[in-house]
$ cat upload00.txt   # compact mmCIF, C-alpha atoms
# COMPACT_ATOMS: atom_id res chain seq x y z
CA MET A 1 34.52 307.36 225.56
CA ALA A 2 37.58 305.40 226.61
CA GLN A 3 40.66 305.50 224.40
CA ASN A 4 41.23 302.16 222.69
CA GLY A 5 44.48 300.92 221.16
CA SER A 6 43.85 302.29 217.67
CA ALA A 7 42.76 305.67 219.00
CA MET A 8 45.88 305.88 221.13
CA SER A 9 48.08 305.52 218.05
CA THR A 10 46.45 308.56 216.40
CA LEU A 11 46.66 310.97 219.34
CA SER A 12 48.37 314.26 218.59
CA HIS A 13 50.37 314.47 221.82
CA ASP A 14 52.04 312.04 224.20
CA VAL A 15 51.84 314.63 227.01
CA ILE A 16 49.98 317.90 227.49
CA ALA A 17 51.22 320.19 230.27
CA PHE A 18 48.06 321.86 231.61
CA GLY A 19 48.57 325.04 233.61
CA ALA A 20 51.70 325.75 231.58
CA THR A 21 51.81 329.46 232.43
CA SER A 22 51.62 328.93 236.22
CA PHE A 23 54.81 329.26 238.27
CA VAL A 24 55.51 325.53 238.37
CA GLY A 25 54.03 325.07 234.90
CA LYS A 26 56.71 327.31 233.42
CA ILE A 27 59.42 325.33 235.21
CA LEU A 28 57.90 322.08 233.91
CA CYS A 29 57.71 323.35 230.32
CA ARG A 30 61.28 324.63 230.38
CA TYR A 31 62.40 321.21 231.55
CA LEU A 32 60.33 319.35 228.93
CA GLN A 33 61.79 321.58 226.23
CA GLU A 34 65.35 320.91 227.44
CA GLU A 35 64.75 317.15 227.69
CA PHE A 36 62.56 316.40 224.69
CA GLY A 37 62.60 319.45 222.40
CA ALA A 38 59.44 320.83 220.84
CA GLN A 39 58.63 317.64 218.90
CA GLY A 40 61.38 315.18 219.72
CA GLY A 41 61.23 311.68 221.19
CA MET A 42 58.14 312.63 223.18
CA LYS A 43 55.47 314.76 221.52
CA TRP A 44 54.21 317.31 224.02
CA ALA A 45 52.16 320.49 224.11
CA ALA A 46 51.56 323.39 226.50
CA ALA A 47 48.01 324.17 227.61
CA GLY A 48 46.33 326.97 229.54
CA ARG A 49 43.40 329.34 229.42
CA SER A 50 45.18 332.35 227.87
CA LYS A 51 46.47 332.06 224.31
CA ALA A 52 48.53 335.24 224.73
CA LYS A 53 50.26 333.91 227.86
CA LEU A 54 50.91 330.57 226.15
CA GLU A 55 52.51 332.35 223.21
CA GLY A 56 54.65 334.36 225.65
CA LEU A 57 55.74 331.15 227.33
CA ARG A 58 56.65 329.58 224.00
CA SER A 59 58.73 332.62 223.06
CA SER A 60 60.56 332.45 226.39
CA LEU A 61 61.63 328.86 225.63
CA GLY A 62 63.76 329.96 222.68
CA ALA A 63 63.74 329.62 218.92
CA GLU A 64 63.85 325.81 219.13
CA ALA A 65 60.35 325.89 220.69
CA ALA A 66 58.78 327.82 217.80
CA THR A 67 56.86 324.73 216.71
CA LEU A 68 55.65 323.79 220.21
CA PRO A 69 51.87 323.12 219.99
CA LEU A 70 49.64 325.25 222.20
CA VAL A 71 46.22 324.21 223.47
CA VAL A 72 43.73 326.69 224.95
CA ALA A 73 41.65 325.13 227.74
CA ASP A 74 40.08 326.38 230.96
CA ALA A 75 39.89 324.38 234.21
CA ALA A 76 36.24 325.47 234.58
CA ASP A 77 35.20 324.71 230.98
CA GLU A 78 34.45 321.00 230.57
CA ALA A 79 34.02 321.25 226.80
CA SER A 80 37.55 322.59 226.37
CA LEU A 81 38.90 319.96 228.77
CA ARG A 82 37.23 317.16 226.79
CA LYS A 83 38.81 318.45 223.61
CA LEU A 84 42.19 318.61 225.36
CA CYS A 85 41.89 315.03 226.67
CA ALA A 86 40.84 313.73 223.26
CA SER A 87 44.25 314.66 221.84
CA ALA A 88 46.59 313.36 224.57
CA ARG A 89 47.87 310.14 226.07
CA VAL A 90 48.72 311.91 229.34
CA VAL A 91 47.65 315.23 230.85
CA VAL A 92 49.98 316.56 233.54
CA SER A 93 48.38 319.32 235.61
CA THR A 94 49.92 322.10 237.69
CA VAL A 95 46.61 323.94 238.21
CA GLY A 96 46.10 324.32 241.97
CA PRO A 97 44.88 324.54 244.60
CA TYR A 98 43.49 321.30 243.26
CA ALA A 99 40.63 321.29 245.77
CA LEU A 100 39.41 324.50 244.13
CA TYR A 101 40.24 323.92 240.47
CA GLY A 102 41.30 320.33 239.89
CA GLU A 103 38.19 318.14 239.89
CA PRO A 104 36.78 318.77 236.37
CA LEU A 105 39.99 317.62 234.69
CA VAL A 106 40.26 314.47 236.84
CA LYS A 107 36.61 313.69 236.09
CA ILE A 108 37.04 314.05 232.35
CA CYS A 109 40.30 312.08 232.27
CA ALA A 110 38.58 309.28 234.20
CA GLU A 111 35.65 309.31 231.79
CA SER A 112 37.72 309.51 228.60
CA GLY A 113 40.43 307.02 229.49
CA THR A 114 43.15 309.68 229.40
CA ASP A 115 46.05 309.14 231.79
CA TYR A 116 46.66 311.90 234.33
CA CYS A 117 49.32 312.99 236.83
CA ASP A 118 49.82 316.04 239.04
CA LEU A 119 51.81 317.40 241.99
CA SER A 120 48.92 317.72 244.42
CA GLY A 121 49.65 317.27 248.11
CA GLU A 122 46.04 317.94 249.19
CA VAL A 123 45.16 314.71 250.95
CA GLN A 124 41.49 315.55 251.48
CA TRP A 125 40.99 316.30 247.76
CA ILE A 126 42.84 313.18 246.64
CA ARG A 127 40.57 311.07 248.84
CA ARG A 128 37.48 312.69 247.29
CA MET A 129 38.79 312.04 243.78
CA VAL A 130 39.42 308.37 244.55
CA GLN A 131 35.95 307.98 246.05
CA ARG A 132 34.19 309.72 243.15
CA TYR A 133 36.10 308.52 240.09
CA GLU A 134 37.98 305.28 240.83
CA ALA A 135 35.25 303.06 239.37
CA THR A 136 35.01 305.28 236.28
CA ALA A 137 38.79 305.22 235.74
CA ARG A 138 38.89 301.45 236.07
CA LYS A 139 36.18 301.12 233.45
CA SER A 140 37.76 303.57 230.98
CA GLY A 141 41.38 302.49 231.52
CA ALA A 142 42.54 305.92 232.78
CA ARG A 143 45.56 305.71 235.10
CA VAL A 144 45.49 308.60 237.62
CA VAL A 145 48.65 309.35 239.61
CA HIS A 146 48.64 312.15 242.18
CA CYS A 147 51.62 313.44 244.19
CA CYS A 148 54.30 313.37 241.46
CA GLY A 149 56.40 316.21 242.90
CA PHE A 150 58.44 316.63 246.07
CA ASP A 151 55.33 315.35 247.74
CA SER A 152 55.51 312.46 247.42
CA ILE A 153 58.01 310.97 244.94
CA PRO A 154 61.13 311.12 247.18
CA SER A 155 59.23 309.50 250.05
CA ASP A 156 57.22 306.94 248.08
CA MET A 157 60.04 305.99 245.71
CA GLY A 158 62.54 306.22 248.58
CA VAL A 159 60.65 303.57 250.59
CA HIS A 160 60.25 301.50 247.42
CA PHE A 161 64.02 301.64 246.87
CA LEU A 162 64.78 300.76 250.51
CA GLN A 163 62.42 297.79 250.39
CA ARG A 164 63.94 296.52 247.15
CA GLN A 165 67.39 296.71 248.76
CA ALA A 166 66.08 295.00 251.90
CA MET A 167 64.67 292.11 249.87
CA LYS A 168 67.93 291.82 247.93
CA ARG A 169 70.26 291.94 250.95
CA LEU A 170 68.15 290.75 253.88
CA GLY A 171 65.61 288.54 252.14
CA VAL A 172 62.60 290.21 253.80
CA PRO A 173 60.99 293.68 253.75
CA CYS A 174 61.40 296.19 256.54
CA THR A 175 58.30 296.40 258.71
CA ARG A 176 59.47 299.67 260.31
CA VAL A 177 60.79 302.57 258.20
CA LYS A 178 61.70 306.12 259.17
CA MET A 179 62.42 309.01 256.82
CA ARG A 180 64.45 311.88 258.20
CA VAL A 181 65.20 315.14 256.39
CA LYS A 182 68.95 315.54 256.92
CA ALA A 183 69.29 318.77 254.93
CA MET A 184 67.14 320.85 252.63
CA ARG A 185 67.31 324.29 251.03
CA GLY A 186 64.34 325.81 249.25
CA GLU A 187 61.46 328.26 249.43
CA PHE A 188 57.68 328.05 249.26
CA SER A 189 55.84 329.50 246.27
CA GLY A 190 52.50 331.25 246.42
CA GLY A 191 50.77 328.26 244.82
CA THR A 192 51.99 325.84 247.49
CA VAL A 193 51.01 328.27 250.23
CA ALA A 194 47.55 328.69 248.70
CA SER A 195 47.04 324.92 248.68
CA LEU A 196 48.20 324.59 252.29
CA MET A 197 46.02 327.45 253.47
CA ASN A 198 42.99 325.98 251.71
CA VAL A 199 43.48 322.66 253.51
CA VAL A 200 43.73 324.47 256.86
CA LYS A 201 40.66 326.56 256.03
CA GLU A 202 38.60 323.48 255.12
CA ALA A 203 39.72 321.62 258.23
CA ALA A 204 38.97 324.55 260.54
CA ALA A 205 35.34 324.52 259.37
CA ASP A 206 34.79 320.75 259.24
CA PRO A 207 35.30 318.45 262.27
CA ALA A 208 34.82 315.37 260.07
CA LEU A 209 37.66 316.53 257.82
CA ARG A 210 39.89 317.07 260.85
CA ARG A 211 39.28 313.45 261.87
CA GLU A 212 40.01 312.32 258.32
CA LEU A 213 43.27 314.28 258.20
CA ALA A 214 44.32 312.60 261.45
CA ASP A 215 43.81 309.11 259.97
CA PRO A 216 47.16 307.74 258.69
CA TYR A 217 45.26 305.30 256.45
CA SER A 218 42.82 307.81 254.93
CA LEU A 219 44.01 307.07 251.37
CA CYS A 220 44.00 303.30 251.71
CA PRO A 221 41.20 301.41 249.92
CA ALA A 222 38.11 300.83 252.04
CA GLY A 223 38.51 297.80 254.27
CA ASN A 224 42.24 297.57 253.56
CA ALA A 225 43.61 299.72 256.36
CA PRO A 226 45.99 297.88 258.73
CA LYS A 227 45.44 298.13 262.45
CA ALA A 228 49.05 298.97 263.36
CA ARG A 229 49.34 302.17 265.40
CA GLN A 230 51.43 304.63 263.41
CA PRO A 231 54.16 306.77 264.98
CA ASN A 232 53.86 310.50 264.38
CA VAL A 233 56.46 313.10 265.36
CA ARG A 234 54.35 315.96 266.73
CA SER A 235 56.98 317.74 268.84
CA ALA A 236 60.69 317.72 269.59
CA GLU A 237 61.99 314.25 270.45
CA PHE A 238 65.25 312.32 270.42
CA ASP A 239 65.67 309.67 267.72
CA VAL A 240 68.01 306.95 268.98
CA ASP A 241 68.43 305.39 265.53
CA PHE A 242 69.85 308.64 264.15
CA GLY A 243 71.42 309.85 267.39
CA ALA A 244 69.84 313.27 266.97
CA TRP A 245 66.86 315.43 267.92
CA VAL A 246 64.01 315.62 265.43
CA ALA A 247 61.11 317.97 264.77
CA PRO A 248 57.87 317.56 262.77
CA PHE A 249 58.14 317.67 258.97
CA VAL A 250 55.39 319.70 257.32
CA MET A 251 55.03 317.34 254.32
CA SER A 252 54.64 314.16 256.41
CA GLY A 253 50.85 314.46 256.43
CA ILE A 254 50.62 313.64 252.73
CA ASN A 255 53.80 311.58 252.26
CA THR A 256 52.98 309.01 254.94
CA ARG A 257 49.51 308.46 253.52
CA ILE A 258 50.83 307.89 250.02
CA VAL A 259 53.36 305.36 251.34
CA HIS A 260 50.61 303.51 253.23
CA ARG A 261 48.42 303.53 250.10
CA THR A 262 51.33 302.01 248.18
CA ASN A 263 51.57 299.24 250.76
CA ALA A 264 47.83 298.62 250.57
CA LEU A 265 47.75 298.54 246.75
CA SER A 266 50.75 296.18 246.79
CA GLU A 267 48.83 293.64 248.90
CA ARG A 268 50.83 294.74 251.95
CA ALA A 269 54.20 293.94 250.42
CA TYR A 270 55.83 295.94 253.24
CA GLY A 271 53.97 293.92 255.87
CA ALA A 272 50.53 293.91 257.49
CA ASP A 273 51.96 295.78 260.50
CA PHE A 274 54.18 298.17 258.50
CA THR A 275 54.85 301.49 260.25
CA TYR A 276 56.29 304.65 258.73
CA ASP A 277 56.91 308.21 259.85
CA GLU A 278 58.83 311.32 258.78
CA ALA A 279 60.64 314.09 260.67
CA MET A 280 63.44 316.62 260.33
CA LEU A 281 66.88 316.02 261.83
CA MET A 282 67.80 319.05 263.95
CA GLY A 283 71.15 318.06 265.45
CA ARG A 284 72.69 316.55 268.56
CA GLY A 285 73.05 317.67 272.16
CA LEU A 286 71.56 320.81 273.67
CA LYS A 287 71.87 322.72 270.41
CA GLY A 288 69.87 320.07 268.56
CA ARG A 289 67.26 319.94 271.32
CA PHE A 290 66.83 323.71 271.22
CA ALA A 291 66.55 323.74 267.43
CA ALA A 292 63.97 320.92 267.45
CA THR A 293 61.92 322.66 270.14
CA ALA A 294 62.02 325.97 268.28
CA MET A 295 61.06 324.35 264.97
CA SER A 296 58.18 322.44 266.59
CA ALA A 297 56.86 325.56 268.32
CA GLY A 298 57.16 327.64 265.17
CA LEU A 299 55.27 325.11 263.05
CA ALA A 300 52.55 324.71 265.69
CA GLY A 301 52.19 328.48 265.95
CA PHE A 302 51.89 328.88 262.21
CA MET A 303 49.23 326.17 261.91
CA LEU A 304 47.25 327.73 264.78
CA ALA A 305 47.43 331.18 263.18
CA ALA A 306 46.39 329.73 259.82
CA ALA A 307 43.35 328.06 261.38
CA ILE A 308 41.94 331.34 262.78
CA ARG A 309 40.25 333.52 260.16
CA PRO A 310 41.64 336.97 261.15
CA THR A 311 45.24 335.80 261.55
CA ARG A 312 44.96 333.68 258.40
CA ALA A 313 43.88 336.76 256.45
CA ALA A 314 46.78 338.75 257.90
CA LEU A 315 49.27 336.03 256.97
CA GLU A 316 47.94 335.86 253.41
CA ARG A 317 47.97 339.65 253.01
CA PHE A 318 51.23 340.63 254.65
CA VAL A 319 53.51 337.60 255.15
CA LEU A 320 53.01 334.77 252.69
CA PRO A 321 53.87 334.80 248.96
CA LYS A 322 51.00 335.26 246.51
CA PRO A 323 50.00 332.73 243.82
CA GLY A 324 52.34 333.11 240.86
CA GLU A 325 55.25 334.08 243.10
CA GLY A 326 58.16 331.80 243.98
CA PRO A 327 61.91 331.39 244.20
CA SER A 328 64.12 332.82 241.47
CA PRO A 329 65.92 330.52 239.01
CA ASP A 330 69.16 331.16 240.90
CA VAL A 331 67.59 330.15 244.22
CA GLN A 332 66.16 327.04 242.58
CA ARG A 333 69.61 326.06 241.26
CA LYS A 334 71.18 326.52 244.69
CA GLY A 335 68.51 324.45 246.41
CA PHE A 336 68.83 320.76 247.29
CA PHE A 337 67.50 318.03 249.56
CA ASP A 338 69.02 315.06 251.37
CA LEU A 339 66.59 312.51 252.83
CA ARG A 340 67.70 309.55 254.95
CA PHE A 341 65.74 306.30 255.36
CA PHE A 342 66.19 303.80 258.18
CA GLY A 343 64.53 300.39 257.88
CA THR A 344 64.20 297.57 260.39
CA THR A 345 62.93 294.05 259.68
CA ALA A 346 60.68 292.11 262.03
CA GLU A 347 63.81 290.24 263.18
CA GLY A 348 65.63 293.50 263.99
CA ARG A 349 68.01 293.64 261.01
CA GLN A 350 68.64 297.14 259.71
CA ILE A 351 69.32 298.95 256.45
CA ARG A 352 69.91 302.62 255.60
CA THR A 353 69.40 304.42 252.31
CA LYS A 354 69.23 308.00 251.08
CA VAL A 355 67.54 310.06 248.38
CA THR A 356 69.05 313.37 247.25
CA GLY A 357 68.07 316.04 244.75
CA ASP A 358 70.15 318.78 243.16
CA ARG A 359 67.59 321.62 243.01
CA ASP A 360 65.12 323.50 245.18
CA PRO A 361 62.85 320.62 246.30
CA GLY A 362 59.48 322.22 245.66
CA TYR A 363 60.22 323.81 242.29
CA GLY A 364 63.47 323.16 240.46
CA SER A 365 63.46 319.51 241.48
CA THR A 366 59.68 319.06 241.44
CA GLY A 367 59.52 320.27 237.83
CA LYS A 368 61.98 317.55 236.81
CA MET A 369 60.24 314.84 238.84
CA LEU A 370 56.85 315.76 237.43
CA GLY A 371 58.19 315.85 233.87
CA GLN A 372 59.74 312.41 234.14
CA ALA A 373 56.63 310.99 235.81
CA ALA A 374 54.55 312.21 232.86
CA ALA A 375 57.08 310.79 230.38
CA CYS A 376 57.15 307.47 232.24
CA LEU A 377 53.36 307.29 232.20
CA ALA A 378 53.21 308.11 228.48
CA LEU A 379 56.15 306.05 227.20
CA ASP A 380 57.02 303.30 229.69
CA VAL A 381 53.80 302.06 231.30
CA ASP A 382 51.97 299.74 228.93
CA LYS A 383 48.34 300.77 228.58
CA ALA A 384 47.20 297.22 227.93
CA ALA A 385 49.14 295.65 230.82
CA THR A 386 48.41 298.25 233.53
CA PRO A 387 44.71 298.73 234.29
CA GLY A 388 42.90 301.97 234.94
CA GLY A 389 42.48 303.33 238.45
CA PHE A 390 44.14 305.59 241.00
CA TRP A 391 47.77 304.60 241.51
CA THR A 392 50.70 305.88 243.58
CA PRO A 393 54.07 306.69 242.00
CA ALA A 394 55.70 303.56 243.44
CA THR A 395 52.93 301.16 242.41
CA ILE A 396 52.64 302.28 238.79
CA PHE A 397 56.21 303.37 237.99
CA GLY A 398 58.50 301.31 240.23
CA ASP A 399 62.12 301.04 239.14
CA ARG A 400 61.37 302.58 235.75
CA LEU A 401 60.89 306.00 237.33
CA ILE A 402 63.98 305.64 239.52
CA GLU A 403 65.99 304.99 236.37
CA ARG A 404 64.57 308.12 234.75
CA LEU A 405 65.08 310.29 237.83
CA THR A 406 68.70 309.26 238.30
CA ALA A 407 69.53 309.60 234.60
CA HIS A 408 67.70 312.84 233.84
CA SER A 409 66.50 314.63 236.98
CA GLY A 410 69.45 315.03 239.33
CA LEU A 411 68.16 312.57 241.95
CA THR A 412 70.17 309.80 243.59
CA PHE A 413 68.96 306.65 245.37
CA GLU A 414 71.77 305.03 247.35
CA LEU A 415 72.61 302.64 250.14
CA VAL A 416 74.22 304.31 253.17
CA PRO A 417 77.07 302.56 255.05
CA ASP A 418 76.06 301.39 258.53
CA LEU A 419 78.38 303.85 260.28
CA GLN A 420 76.83 306.91 258.63
CA ASN A 421 73.54 308.66 259.37
$ encode --input "upload00.txt" --output "structure tokens"
Amino acid sequence: MAQNGSAMSTLSHDVIAFGATSFVGKILCRYLQEEFGAQGGMKWAAAGRSKAKLEGLRSSLGAEAATLPLVVADAADEASLRKLCASARVVVSTVGPYALYGEPLVKICAESGTDYCDLSGEVQWIRRMVQRYEATARKSGARVVHCCGFDSIPSDMGVHFLQRQAMKRLGVPCTRVKMRVKAMRGEFSGGTVASLMNVVKEAAADPALRRELADPYSLCPAGNAPKARQPNVRSAEFDVDFGAWVAPFVMSGINTRIVHRTNALSERAYGADFTYDEAMLMGRGLKGRFAATAMSAGLAGFMLAAAIRPTRAALERFVLPKPGEGPSPDVQRKGFFDLRFFGTTAEGRQIRTKVTGDRDPGYGSTGKMLGQAAACLALDVDKAATPGGFWTPATIFGDRLIERLTAHSGLTFELVPDLQN
């Protein structure tokens, strides 16, 4: 049953963090405790399948968290998930790989009218969820927002910010936008690796999925995909706009599709022929060319090894981190990211912006982005004014999330002077 206005006012929790004892879940809960307290301006609870682990998490958050509500629920137990959804405005999930464990919760949120967000970057799973549950979510009023972590808030909100600046200063949107990773420090956790390896495993066994993953418009609504040919940095190349060599960026596969979905849901506010791509800046001259070539070859080699069953098994057993493992708190604090955006209008006018974060992008910073996305969904986005369905961060949050991220999450969104890259 969908949540109506009177039911919403009696819900026990504004936000429930599901998967609270996972690696990223713990980071998220620590951040929510620091920002909102146990029962402060936003009422939140921690949820997971083990009561003992939840109690251990609560103890680790300090004496101030002694009153933090705990909810026992299992990703495979629909009855417990329905009970969880019945008590919350928003459920924020860190339970991945989502393609393996995420569908029951999305299904029940869509059916019950409960808002939902996550940090999934699994494009094939997101597409399946949209296909299966969009009509249900629209009917119930549930707002579902995937990709609320490093993939894809900096990219999606970064393009949103650039386009807002372009409209303000140039009077028109940019029909061509590039995102380049200028600098980044961070590590992969076992959960992220597990999600990536599952995508590769599915694609290796399914030619239709490989074709889908190659489609830059795979997340756009049916019949709403533009015909513009999209650029895609697949190997080392020289970028004249940045005056540097670039290499493929591993997160571009999901980020670009979210940005194109934003454009489609916005009635092509960026233009019917909008093009967008992402890559990593590797430097200038021969040194930059060598670094870009090495990075491209290394990434291609890893993806090939991951696609072959014996080498994939060896990577998972001997090389890659296991689920539950990830960077230490000190490494997270020392991490950062600096993303540069370059936009060009149809008339050739240009604008540059940047998005930076002050923590490890995938964990320290992702925890803060995900927490503020959940808070924005619960507190800032009017249930009556914003209909149910599957949204992107930019289309449902807009400037409200940028304000939260800059005030509370260590992110910056800035114009870049013309003479800087």
$ closest_atom_pairs --input "upload00.txt" --of "segment 44-152 of chain A" --to "segment 28-32 of chain A" --cutoff "12 Å" --atoms "all atoms listed in the file" --output "Markdown table"
| residue | atom | partner | partner_atom | distance |
| --- | --- | --- | --- | --- |
| A:Trp44 | CA | A:Leu32 | CA | 8.1 |
| A:Ala45 | CA | A:Cys29 | CA | 8.8 |
| A:Ala46 | CA | A:Cys29 | CA | 7.2 |
| A:Ala47 | CA | A:Cys29 | CA | 10.1 |
| A:Gly48 | CA | A:Cys29 | CA | 12.0 |
| A:Leu54 | CA | A:Cys29 | CA | 10.8 |
| A:Leu57 | CA | A:Cys29 | CA | 8.6 |
| A:Arg58 | CA | A:Cys29 | CA | 8.9 |
| A:Ser59 | CA | A:Arg30 | CA | 11.1 |
| A:Ser60 | CA | A:Arg30 | CA | 8.8 |
| A:Leu61 | CA | A:Arg30 | CA | 6.4 |
| A:Gly62 | CA | A:Arg30 | CA | 9.7 |
| A:Glu64 | CA | A:Arg30 | CA | 11.6 |
| A:Ala65 | CA | A:Arg30 | CA | 9.8 |
| A:Leu68 | CA | A:Cys29 | CA | 10.3 |
| A:Pro69 | CA | A:Cys29 | CA | 11.9 |
| A:Leu70 | CA | A:Cys29 | CA | 11.6 |
| A:Val92 | CA | A:Leu28 | CA | 9.7 |
| A:Ser93 | CA | A:Leu28 | CA | 10.1 |
| A:Thr94 | CA | A:Leu28 | CA | 8.8 |
| A:Asp118 | CA | A:Leu28 | CA | 11.3 |
| A:Leu119 | CA | A:Leu28 | CA | 11.1 |
| A:Gly149 | CA | A:Leu28 | CA | 10.8 |
$ residues_around --input "upload00.txt" --residues "Ala407 of chain A" --least-positions-apart "6" --cutoff "12 Å" --atoms "only C-alpha atoms" --output "list in words"
Glu35, Lys368, Met369, Gln372, Arg400, Leu401 and Phe413 of chain A
$ residues_around --input "upload00.txt" --residues "segment 78-90 of chain A" --least-positions-apart "6" --cutoff "8 Å" --atoms "all atoms listed in the file" --output "list in words"
Met8, Leu11, Ser12, His13, Asp14, Val15, Ile16, Val71, Val72, Pro104, Leu105, Ile108, Cys109, Ser112, Thr114, Asp115, Tyr116, Cys117, Ala374, Leu377 and Ala378 of chain A
$ residues_around --input "upload00.txt" --residues "Asp239 of chain A" --least-positions-apart "3" --cutoff "12 Å" --atoms "all atoms listed in the file" --output "list in words"
Lys178, Met179, Arg180, Val233, Ser235, Ala236, Phe242, Gly243, Ala244, Trp245, Val246, Ala247, Asp277, Glu278, Ala279, Met280, Leu281, Met282, Gly283, Arg284, Gly285, Gly288, Arg289, Ala292, Phe342 and Asn421 of chain A
$ closest_residue --input "upload00.txt" --among "A:Ala194, A:Ala204, A:Ala166, A:Ile27" --to "Thr344 of chain A" --atoms "all atoms listed in the file"
A:Ala166
$ atom_distance --input "upload00.txt" --atom1 "atom CA of Asp156 of chain A" --atom2 "atom CA of Val259 of chain A"
5.3 Å
$ closest_residue --input "upload00.txt" --among "A:Cys174, A:Ala66, A:Ala20, A:Met157" --to "Asp399 of chain A" --atoms "only C-alpha atoms"
A:Met157
$ atom_distance --input "upload00.txt" --atom1 "atom CA of Lys107 of chain A" --atom2 "atom CA of Trp391 of chain A"
15.4 Å
$ decode --input "upload00.txt" --residues "segment 8-26 of chain A" --atoms "N, CA and C atoms" --output "PDB file, in the first residue's frame"
ATOM      1  N   MET A   8       2.549   9.264   6.310  1.00  0.00           N
ATOM      2  CA  MET A   8       3.912   9.775   6.328  1.00  0.00           C
ATOM      3  C   MET A   8       4.221  10.492   7.629  1.00  0.00           C
ATOM      4  N   SER A   9       3.220  11.195   8.188  1.00  0.00           N
ATOM      5  CA  SER A   9       3.451  11.982   9.391  1.00  0.00           C
ATOM      6  C   SER A   9       3.631  11.114  10.619  1.00  0.00           C
ATOM      7  N   THR A  10       3.227   9.820  10.542  1.00  0.00           N
ATOM      8  CA  THR A  10       3.325   8.936  11.698  1.00  0.00           C
ATOM      9  C   THR A  10       4.486   7.956  11.584  1.00  0.00           C
ATOM     10  N   LEU A  11       5.285   8.039  10.544  1.00  0.00           N
ATOM     11  CA  LEU A  11       6.392   7.109  10.374  1.00  0.00           C
ATOM     12  C   LEU A  11       7.424   7.295  11.487  1.00  0.00           C
ATOM     13  N   SER A  12       8.018   6.177  11.888  1.00  0.00           N
ATOM     14  CA  SER A  12       8.971   6.209  13.001  1.00  0.00           C
ATOM     15  C   SER A  12      10.294   6.860  12.615  1.00  0.00           C
ATOM     16  N   HIS A  13      10.700   6.704  11.353  1.00  0.00           N
ATOM     17  CA  HIS A  13      12.037   7.139  10.950  1.00  0.00           C
ATOM     18  C   HIS A  13      11.981   7.944   9.648  1.00  0.00           C
ATOM     19  N   ASP A  14      12.751   9.014   9.590  1.00  0.00           N
ATOM     20  CA  ASP A  14      12.933   9.716   8.324  1.00  0.00           C
ATOM     21  C   ASP A  14      13.763   8.871   7.365  1.00  0.00           C
ATOM     22  N   VAL A  15      14.837   8.270   7.887  1.00  0.00           N
ATOM     23  CA  VAL A  15      15.770   7.483   7.078  1.00  0.00           C
ATOM     24  C   VAL A  15      16.143   6.210   7.828  1.00  0.00           C
ATOM     25  N   ILE A  16      16.180   5.094   7.104  1.00  0.00           N
ATOM     26  CA  ILE A  16      16.761   3.862   7.635  1.00  0.00           C
ATOM     27  C   ILE A  16      17.952   3.482   6.760  1.00  0.00           C
ATOM     28  N   ALA A  17      19.103   3.307   7.394  1.00  0.00           N
ATOM     29  CA  ALA A  17      20.313   2.878   6.694  1.00  0.00           C
ATOM     30  C   ALA A  17      20.345   1.359   6.693  1.00  0.00           C
ATOM     31  N   PHE A  18      20.063   0.755   5.539  1.00  0.00           N
ATOM     32  CA  PHE A  18      20.009  -0.700   5.412  1.00  0.00           C
ATOM     33  C   PHE A  18      21.358  -1.219   4.922  1.00  0.00           C
ATOM     34  N   GLY A  19      21.849  -2.266   5.589  1.00  0.00           N
ATOM     35  CA  GLY A  19      23.214  -2.725   5.327  1.00  0.00           C
ATOM     36  C   GLY A  19      24.194  -1.970   6.199  1.00  0.00           C
ATOM     37  N   ALA A  20      23.736  -1.590   7.397  1.00  0.00           N
ATOM     38  CA  ALA A  20      24.513  -0.694   8.263  1.00  0.00           C
ATOM     39  C   ALA A  20      25.826  -1.286   8.730  1.00  0.00           C
ATOM     40  N   THR A  21      25.938  -2.619   8.770  1.00  0.00           N
ATOM     41  CA  THR A  21      27.174  -3.222   9.267  1.00  0.00           C
ATOM     42  C   THR A  21      28.136  -3.607   8.143  1.00  0.00           C
ATOM     43  N   SER A  22      27.792  -3.261   6.881  1.00  0.00           N
ATOM     44  CA  SER A  22      28.738  -3.453   5.777  1.00  0.00           C
ATOM     45  C   SER A  22      29.855  -2.420   5.874  1.00  0.00           C
ATOM     46  N   PHE A  23      30.874  -2.539   5.056  1.00  0.00           N
ATOM     47  CA  PHE A  23      32.004  -1.607   5.123  1.00  0.00           C
ATOM     48  C   PHE A  23      31.542  -0.170   4.895  1.00  0.00           C
ATOM     49  N   VAL A  24      30.817   0.064   3.812  1.00  0.00           N
ATOM     50  CA  VAL A  24      30.334   1.419   3.537  1.00  0.00           C
ATOM     51  C   VAL A  24      29.197   1.783   4.482  1.00  0.00           C
ATOM     52  N   GLY A  25      28.403   0.790   4.890  1.00  0.00           N
ATOM     53  CA  GLY A  25      27.322   1.063   5.830  1.00  0.00           C
ATOM     54  C   GLY A  25      27.816   1.645   7.137  1.00  0.00           C
ATOM     55  N   LYS A  26      28.934   1.133   7.627  1.00  0.00           N
ATOM     56  CA  LYS A  26      29.511   1.667   8.862  1.00  0.00           C
ATOM     57  C   LYS A  26      29.969   3.110   8.677  1.00  0.00           C
TER      58      LYS A  26
END
